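One structure is given below, encoded as structure tokens.
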Amino acid sequence: MSNRQNTLIRVPAPWQYVIAVVGIGAWLTLNIWSLQRYPVPSCDEALYGATAYNLLTTGSPRIPFYAVLENVNLAIAFGRLFIAGQALFMMLFSPSLFTVRLFGLTGVIALALATYALGSRLYDQRVGLWSALLVSTDWAVFQQGHSGRPDIWLAAGIMFALYLAFGLAEKPAVWRALIAGFAIALLEDIHLNGMHFILAIGVLVVIRLGVQERRWGMVVLYGLGSLVGVAYVLGVHLLPDPATAIGEYQTIVSSEGRAFWETGLASSLLSLMRWVGENFITAQGGLAAVPALFYLPGIVMALSRRDDQRRSLLLFAFVLISLFSYGVVNVIKPNYYALLWRPALTLLGTAGVFWLADRWKAPEHLPGRVQSHLGTGLVALVLGVFVVGDVYLAYKFRSVDYAAYTAGLRDLIPEGSTVLADEPLWYGLKGREMTGTTYLTWYQFVHGASMDDMGMLREAFLSLGPEYVVLDEHASCASGPSAMHDFLAATLPQACVEVGTVEGAWFEPGTVYRCDPPERFD
């Protein structure tokens, strides 16, 4: 390790402790104040939260919205570790939107700590600390750290997995290899996307320990640990009903628009390039290019720096391999998955900025301290841009009031009633037996009907027979017009009685209907 920098953080002065405490306090205040405001509640975080609540109360990881669908467990692919974590927070606090988002914010803290640990291991504490600060204020992290989705926890798990893998490379040992292999395989039990990073890290282990060090025994032990981890993941997902589980995984993989083997490699890579361009260059009106430019010095360093064991190149290779796997397997590529690569790229970019700054030859007329503080100044500038963006987003969405909006709905829907409503309303409709509107679509799917089969939609609605229905401009989790919404919009005013409408900033007006017994629809 002769070429590795050993820059350490000096013992802080008292005023630096004060700045640290104030900074952490301000970060926590901003995040907790905006936790239920930004972003607007989504369908996915309701699905995960409701599944966690069902696990807590019944022991079954099943989405309660659709419990009336027999022999179907639509949460079969949800990571059990993530669901268990949400359930634990619900047990400690309450089954609320704030609680699941607090669990997400805890994931941000875990991500920052893992980033600091990995940065310190690969480079030095200076890089680790600044990388952790940048990651914890990144705009994408600010958004998804306020979510009930598992992406932020998967990002934290990825950085911790890299920490274990590079630690194994530095200090090979039997127990390290087995534990690292097992722990890294558990990424799949946070979210299915973990597979891409398990693959990429496995390749790094083979290159670093096998090809470079000729420690193939360590590689085999790592593989054995991984097999145990995979066995655990398969066990908790397939049992106690393997047939149903396998059938639903087949549905996930081979349903329309998801069969990646039917897509050519060239088409998949072009799709990946468009996705990367959108998320790392053109998104947010081009502001996404700010962090992307910050990553460039790290890429330059990875391709040119001759550090011992080529850590930077291995880290960049990890990014490329996991992106390639993602691009080929994930035919559908939501933008929020871009978060998963940002921490590693941020770490690489931070190290690259310091590397270039340390090698820049300042003009002789400039004070020497300009040279020594150039890297810190550049990184601090990016940090300031991130913080300004976070404050702007919190201010922009300050009028979001989920609690007030759902309180208005509860005033119109008696406790104990059965209600059909959009999934994000689940947290607010406590004391009501709620079914998500997507139930109607799943009913069609289970019975082999097309999504625009009005007759099957009518059958699904009659089989459910809700006492109340909440209808807004976009029924279910659809972002635009749908046959389901057309059916409900045409049927409810004729067959049900309008009780009232609730409005709220950033929420679509929700009209509540009271429906008579299903015979009224005949």
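We name chains A, B, ... following the order of the structure tokens; residues begin at 1 in each chain, and ligands are numbered from 1 as shown.
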
For this session: Extract, using only C-alpha atoms, all DNA, RNA and protein residues at most 7 Å from range 349-356 of chain A, discarding same-chain residues fewer than 2 positions from it, and format them as a ChimeraX atom specification.
Result: /A:127,131,294-298,301,345-347,358-360,375,379

Problem set entry | Nearby residues (only C-alpha atoms) at most 12 Å from Leu28 in chain A, same-chain spacing under 3 positions excluded, as a PyMOL selection string | chain A and resi 21-25+31-35+102+105-106+108-109+136-137+142

Would you mind exporting the chosen residues as a compact mmCIF listing (two decimals), in the first residue's frame, restricted to N, CA, C and O atoms?
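See part_22.txt below for the written result:
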# COMPACT_ATOMS: atom_id res chain seq x y z
N VAL A 21 -22.19 19.92 15.16
CA VAL A 21 -23.45 19.74 15.87
C VAL A 21 -24.55 20.57 15.23
O VAL A 21 -25.68 20.10 15.01
N VAL A 22 -24.24 21.82 14.89
CA VAL A 22 -25.23 22.68 14.24
C VAL A 22 -25.62 22.12 12.87
O VAL A 22 -26.80 22.10 12.50
N GLY A 23 -24.63 21.64 12.11
CA GLY A 23 -24.90 21.09 10.79
C GLY A 23 -25.79 19.86 10.85
O GLY A 23 -26.76 19.74 10.09
N ILE A 24 -25.48 18.95 11.76
CA ILE A 24 -26.29 17.74 11.90
C ILE A 24 -27.69 18.10 12.37
O ILE A 24 -28.69 17.55 11.88
N GLY A 25 -27.78 19.05 13.32
CA GLY A 25 -29.09 19.48 13.79
C GLY A 25 -29.92 20.11 12.69
O GLY A 25 -31.13 19.84 12.56
N ASN A 31 -34.97 17.59 7.32
CA ASN A 31 -35.51 16.32 6.86
C ASN A 31 -36.77 15.91 7.61
O ASN A 31 -37.74 15.45 7.00
N ILE A 32 -36.77 16.07 8.92
CA ILE A 32 -37.95 15.67 9.69
C ILE A 32 -39.12 16.60 9.41
O ILE A 32 -40.28 16.16 9.29
N TRP A 33 -38.86 17.91 9.28
CA TRP A 33 -39.94 18.86 8.98
C TRP A 33 -40.59 18.55 7.64
O TRP A 33 -41.80 18.67 7.47
N SER A 34 -39.79 18.14 6.66
CA SER A 34 -40.32 17.91 5.31
C SER A 34 -40.64 16.44 5.05
O SER A 34 -41.00 16.08 3.93
N LEU A 35 -40.54 15.60 6.07
CA LEU A 35 -40.65 14.15 5.86
C LEU A 35 -41.98 13.75 5.24
O LEU A 35 -42.02 12.89 4.34
N LEU A 102 -39.69 7.72 8.28
CA LEU A 102 -38.63 7.79 9.27
C LEU A 102 -37.67 6.61 9.10
O LEU A 102 -36.45 6.76 9.24
N LEU A 105 -35.49 7.59 6.30
CA LEU A 105 -34.48 8.56 6.72
C LEU A 105 -33.36 7.86 7.50
O LEU A 105 -32.19 8.24 7.39
N THR A 106 -33.71 6.84 8.27
CA THR A 106 -32.69 6.05 8.95
C THR A 106 -31.79 5.37 7.94
O THR A 106 -30.58 5.22 8.16
N VAL A 108 -30.94 6.70 5.13
CA VAL A 108 -30.00 7.73 4.67
C VAL A 108 -28.80 7.79 5.61
O VAL A 108 -27.64 7.90 5.17
N ILE A 109 -29.07 7.73 6.92
CA ILE A 109 -27.98 7.75 7.90
C ILE A 109 -27.07 6.54 7.72
O ILE A 109 -25.83 6.64 7.75
N SER A 136 -25.46 12.35 1.72
CA SER A 136 -26.60 12.61 2.59
C SER A 136 -27.40 13.84 2.19
O SER A 136 -28.52 14.04 2.66
N THR A 137 -26.83 14.67 1.31
CA THR A 137 -27.55 15.87 0.85
C THR A 137 -27.90 15.80 -0.64
O THR A 137 -28.53 16.74 -1.15
N PHE A 142 -32.32 12.95 -0.92
CA PHE A 142 -33.30 13.75 -0.18
C PHE A 142 -34.72 13.30 -0.53
O PHE A 142 -35.60 13.24 0.33

Problem set entry | Close residues, Arg37 in chain A itself excluded, 10 Å, only C-alpha atoms, min 2 positions apart in chain, as a ChimeraX atom specification | /A:31-35,39-41,98,146,393-402,506

For this session: Please indicate the distance in Å from CA of Phe507 in chain A to CA of Tyr468 in chain A, rounded to one decimal place.
Result: 19.4 Å

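Look at Ala403 in chain A: the protein and nucleic acid residues within 12 Å of it, using only C-alpha atoms and passing over chain neighbours fewer than 3 places away, are Gln36, Arg37, Val40, Pro41, Ser96, Leu97, Phe98, Ser399, Val400, Thr406, Ala407, Gly408, Leu409, Arg410, Pro424, Leu425, Trp426, Tyr427, Gly428, Leu429, Lys430, Gly504, Ala505 and Phe507 of chain A.
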
Please write the residues from the selection above to a file, keeping N, CA, C and O atoms, as a tab-separated table (two decimals), in the first residue's frame.
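Okay, result.tsv is ready:
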chain	number	residue	atom	x	y	z
A	36	GLN	N	-43.08	14.33	5.69
A	36	GLN	CA	-44.40	13.99	5.14
A	36	GLN	C	-44.85	14.95	4.04
A	36	GLN	O	-45.92	14.76	3.47
A	37	ARG	N	-44.02	15.94	3.74
A	37	ARG	CA	-44.38	16.93	2.72
A	37	ARG	C	-43.77	16.60	1.36
A	37	ARG	O	-44.42	16.76	0.33
A	40	VAL	N	-44.77	13.94	-2.53
A	40	VAL	CA	-46.17	13.59	-2.31
A	40	VAL	C	-46.27	12.07	-2.19
A	40	VAL	O	-45.60	11.35	-2.94
A	41	PRO	N	-47.05	11.55	-1.24
A	41	PRO	CA	-47.14	10.09	-1.05
A	41	PRO	C	-47.45	9.34	-2.34
A	41	PRO	O	-48.25	9.79	-3.16
A	96	SER	N	-47.86	4.46	10.39
A	96	SER	CA	-48.20	5.75	9.78
A	96	SER	C	-47.22	6.07	8.66
A	96	SER	O	-46.15	5.48	8.54
A	97	LEU	N	-47.60	7.03	7.84
A	97	LEU	CA	-46.73	7.51	6.77
A	97	LEU	C	-45.44	8.05	7.36
A	97	LEU	O	-44.35	7.82	6.83
A	98	PHE	N	-45.54	8.79	8.46
A	98	PHE	CA	-44.35	9.36	9.09
A	98	PHE	C	-43.39	8.25	9.51
A	98	PHE	O	-42.17	8.37	9.34
A	399	SER	N	-46.66	23.13	1.43
A	399	SER	CA	-48.12	23.14	1.64
A	399	SER	C	-48.74	21.74	1.59
A	399	SER	O	-49.94	21.59	1.81
A	400	VAL	N	-47.94	20.71	1.30
A	400	VAL	CA	-48.47	19.35	1.30
A	400	VAL	C	-48.88	18.98	2.72
A	400	VAL	O	-48.09	19.09	3.65
A	406	THR	N	-56.43	13.48	4.47
A	406	THR	CA	-57.05	12.21	4.83
A	406	THR	C	-58.01	12.36	6.01
A	406	THR	O	-58.96	11.59	6.13
A	407	ALA	N	-57.78	13.36	6.87
A	407	ALA	CA	-58.73	13.61	7.96
A	407	ALA	C	-60.09	14.02	7.39
A	407	ALA	O	-61.15	13.62	7.90
A	408	GLY	N	-60.07	14.79	6.31
A	408	GLY	CA	-61.32	15.17	5.64
A	408	GLY	C	-62.05	13.95	5.09
A	408	GLY	O	-63.29	13.87	5.14
A	409	LEU	N	-61.29	13.00	4.55
A	409	LEU	CA	-61.91	11.77	4.05
A	409	LEU	C	-62.50	10.94	5.20
A	409	LEU	O	-63.60	10.38	5.07
A	410	ARG	N	-61.78	10.88	6.31
A	410	ARG	CA	-62.29	10.11	7.45
A	410	ARG	C	-63.58	10.70	7.99
A	410	ARG	O	-64.46	9.98	8.47
A	424	PRO	N	-52.36	5.14	-1.89
A	424	PRO	CA	-51.67	6.06	-0.97
A	424	PRO	C	-52.53	6.55	0.19
A	424	PRO	O	-51.99	7.07	1.16
A	425	LEU	N	-53.83	6.38	0.12
A	425	LEU	CA	-54.71	6.84	1.19
A	425	LEU	C	-54.77	5.86	2.36
A	425	LEU	O	-55.38	6.17	3.38
A	426	TRP	N	-54.11	4.71	2.21
A	426	TRP	CA	-54.22	3.67	3.24
A	426	TRP	C	-53.78	4.15	4.62
A	426	TRP	O	-54.44	3.88	5.62
A	427	TYR	N	-52.69	4.88	4.68
A	427	TYR	CA	-52.19	5.33	5.98
A	427	TYR	C	-53.21	6.22	6.69
A	427	TYR	O	-53.32	6.21	7.92
A	428	GLY	N	-53.95	7.02	5.91
A	428	GLY	CA	-54.89	7.97	6.53
A	428	GLY	C	-56.25	7.40	6.83
A	428	GLY	O	-56.98	7.96	7.65
A	429	LEU	N	-56.63	6.30	6.19
A	429	LEU	CA	-57.96	5.73	6.39
A	429	LEU	C	-57.93	4.65	7.46
A	429	LEU	O	-58.39	3.52	7.27
A	430	LYS	N	-57.41	5.00	8.61
A	430	LYS	CA	-57.34	4.06	9.73
A	430	LYS	C	-58.75	3.73	10.23
A	430	LYS	O	-59.63	4.58	10.24
A	504	GLY	N	-57.03	19.29	-1.27
A	504	GLY	CA	-55.82	19.59	-0.53
A	504	GLY	C	-54.71	19.95	-1.48
A	504	GLY	O	-54.66	19.45	-2.62
A	505	ALA	N	-53.82	20.84	-1.07
A	505	ALA	CA	-52.71	21.26	-1.93
A	505	ALA	C	-51.89	20.05	-2.34
A	505	ALA	O	-51.53	19.21	-1.51
A	507	PHE	N	-52.79	17.49	-3.84
A	507	PHE	CA	-53.61	16.29	-3.96
A	507	PHE	C	-54.76	16.56	-4.92
A	507	PHE	O	-55.32	17.65	-4.94

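For the set A:Val387, A:Leu239, A:Val419, A:Val233, the residue with the smallest atom-to-atom gap to Leu30 in chain A is A:Val387, counting only C-alpha atoms.
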
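Across range 239-476 of chain A, DSSP run on the backbone finds strand (DSSP E) at Thr418, Val419, Leu420, Ala421, Glu433, Met434, Thr435, Gly436, Tyr468, Val469, Val470 and Leu471 of chain A.
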
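One finds CA of Val470 in chain A at 22.5 Å from CA of Gly148 in chain A.
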
For this session: For Ala156 in chain A, please output as a count of residues only all residues within 7 Å (counting only C-alpha atoms; exclusion window: fewer than 2 positions along the same chain).
Result: 10

Problem set entry | Residue nearest Pro150 in chain A - candidates A:Val100, A:Val236, A:Cys496, A:Val205, atoms counted: only C-alpha atoms | A:Val100

Exercise. Using only C-alpha atoms, which residues sit within 8 Å of range 314-327 of chain A once same-chain residues fewer than 6 positions away are excluded, as a ChimeraX atom specification?
Worked result: /A:193,196-197,199-201,204,268-269,271-272,299,302,341,344-345,348

Can I get the selection written as a short mmCIF file (atom, residue, chain, number, x, y, z; two decimals), in the first residue's frame, with N, CA and C atoms?
data_model
loop_
_atom_site.label_atom_id
_atom_site.label_comp_id
_atom_site.auth_asym_id
_atom_site.auth_seq_id
_atom_site.Cartn_x
_atom_site.Cartn_y
_atom_site.Cartn_z
N ASN A 193 -33.50 -5.67 -7.37
CA ASN A 193 -32.37 -5.05 -8.07
C ASN A 193 -31.03 -5.40 -7.44
N HIS A 196 -28.09 -7.25 -9.50
CA HIS A 196 -27.10 -6.62 -10.37
C HIS A 196 -25.81 -6.31 -9.61
N PHE A 197 -25.96 -5.92 -8.37
CA PHE A 197 -24.81 -5.53 -7.56
C PHE A 197 -24.12 -6.75 -6.94
N LEU A 199 -23.86 -9.55 -8.56
CA LEU A 199 -23.06 -9.99 -9.70
C LEU A 199 -21.79 -9.16 -9.84
N ALA A 200 -21.93 -7.84 -9.80
CA ALA A 200 -20.79 -6.96 -9.99
C ALA A 200 -19.74 -7.15 -8.90
N ILE A 201 -20.19 -7.28 -7.66
CA ILE A 201 -19.24 -7.47 -6.56
C ILE A 201 -18.56 -8.84 -6.68
N LEU A 204 -15.76 -8.50 -9.00
CA LEU A 204 -14.62 -7.82 -8.36
C LEU A 204 -13.83 -8.77 -7.47
N SER A 268 -31.32 -3.15 -25.79
CA SER A 268 -31.21 -2.98 -24.34
C SER A 268 -30.17 -1.92 -23.99
N LEU A 269 -29.03 -1.95 -24.69
CA LEU A 269 -27.97 -0.98 -24.40
C LEU A 269 -28.36 0.43 -24.81
N SER A 271 -31.42 1.54 -24.81
CA SER A 271 -32.37 1.95 -23.77
C SER A 271 -31.64 2.39 -22.52
N LEU A 272 -30.57 1.65 -22.17
CA LEU A 272 -29.78 2.01 -20.99
C LEU A 272 -29.11 3.37 -21.19
N ILE A 299 -13.77 9.41 -12.66
CA ILE A 299 -13.62 8.50 -13.80
C ILE A 299 -12.23 8.67 -14.42
N ALA A 302 -9.82 6.96 -12.19
CA ALA A 302 -9.91 5.51 -12.28
C ALA A 302 -9.20 4.97 -13.50
N TRP A 341 -26.74 4.02 -8.01
CA TRP A 341 -25.36 4.19 -8.47
C TRP A 341 -24.74 5.51 -7.97
N ALA A 344 -21.72 5.37 -5.05
CA ALA A 344 -20.40 4.93 -5.53
C ALA A 344 -19.77 5.97 -6.45
N LEU A 345 -20.59 6.57 -7.32
CA LEU A 345 -20.07 7.60 -8.21
C LEU A 345 -19.66 8.85 -7.43
N LEU A 348 -16.34 8.13 -5.86
CA LEU A 348 -15.32 8.18 -6.90
C LEU A 348 -15.03 9.62 -7.30
#

Exercise. Residues at most 8 Å from Lys333 in chain A, counting only C-alpha atoms, excluding those fewer than 3 positions away in the same chain, as an MDAnalysis selection string?
Worked result: chainID A and resid 275 330 337

Any chance you can output those residues with all heavy atoms as an mmCIF file, in the first residue's frame?
data_model
loop_
_atom_site.group_PDB
_atom_site.id
_atom_site.type_symbol
_atom_site.label_atom_id
_atom_site.label_comp_id
_atom_site.auth_asym_id
_atom_site.auth_seq_id
_atom_site.Cartn_x
_atom_site.Cartn_y
_atom_site.Cartn_z
ATOM 1 N N TRP A 275 -31.580 6.077 -20.708
ATOM 2 C CA TRP A 275 -31.914 6.186 -19.279
ATOM 3 C C TRP A 275 -30.808 6.911 -18.519
ATOM 4 O O TRP A 275 -31.085 7.776 -17.678
ATOM 5 C CB TRP A 275 -32.128 4.777 -18.720
ATOM 6 C CG TRP A 275 -32.505 4.708 -17.282
ATOM 7 C CD1 TRP A 275 -33.750 4.842 -16.732
ATOM 8 C CD2 TRP A 275 -31.610 4.479 -16.183
ATOM 9 N NE1 TRP A 275 -33.684 4.708 -15.367
ATOM 10 C CE2 TRP A 275 -32.389 4.476 -15.001
ATOM 11 C CE3 TRP A 275 -30.244 4.259 -16.087
ATOM 12 C CZ2 TRP A 275 -31.829 4.273 -13.740
ATOM 13 C CZ3 TRP A 275 -29.687 4.061 -14.835
ATOM 14 C CH2 TRP A 275 -30.472 4.067 -13.684
ATOM 15 N N ASN A 330 -33.450 -5.367 -16.769
ATOM 16 C CA ASN A 330 -34.595 -4.501 -16.472
ATOM 17 C C ASN A 330 -35.067 -3.815 -17.746
ATOM 18 O O ASN A 330 -34.546 -2.758 -18.122
ATOM 19 C CB ASN A 330 -34.234 -3.454 -15.414
ATOM 20 C CG ASN A 330 -34.030 -4.057 -14.046
ATOM 21 O OD1 ASN A 330 -33.283 -5.019 -13.900
ATOM 22 N ND2 ASN A 330 -34.685 -3.500 -13.052
ATOM 23 N N TYR A 337 -34.534 4.449 -9.859
ATOM 24 C CA TYR A 337 -33.467 3.478 -9.636
ATOM 25 C C TYR A 337 -32.073 4.072 -9.822
ATOM 26 O O TYR A 337 -31.077 3.476 -9.404
ATOM 27 C CB TYR A 337 -33.629 2.287 -10.578
ATOM 28 C CG TYR A 337 -34.766 1.351 -10.225
ATOM 29 C CD1 TYR A 337 -35.323 0.501 -11.182
ATOM 30 C CD2 TYR A 337 -35.298 1.306 -8.941
ATOM 31 C CE1 TYR A 337 -36.362 -0.360 -10.875
ATOM 32 C CE2 TYR A 337 -36.348 0.459 -8.623
ATOM 33 C CZ TYR A 337 -36.876 -0.372 -9.597
ATOM 34 O OH TYR A 337 -37.919 -1.223 -9.287
#

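Interatomic distance, CA of Leu492 in chain A against CA of Ala404 in chain A: 24.9 Å.
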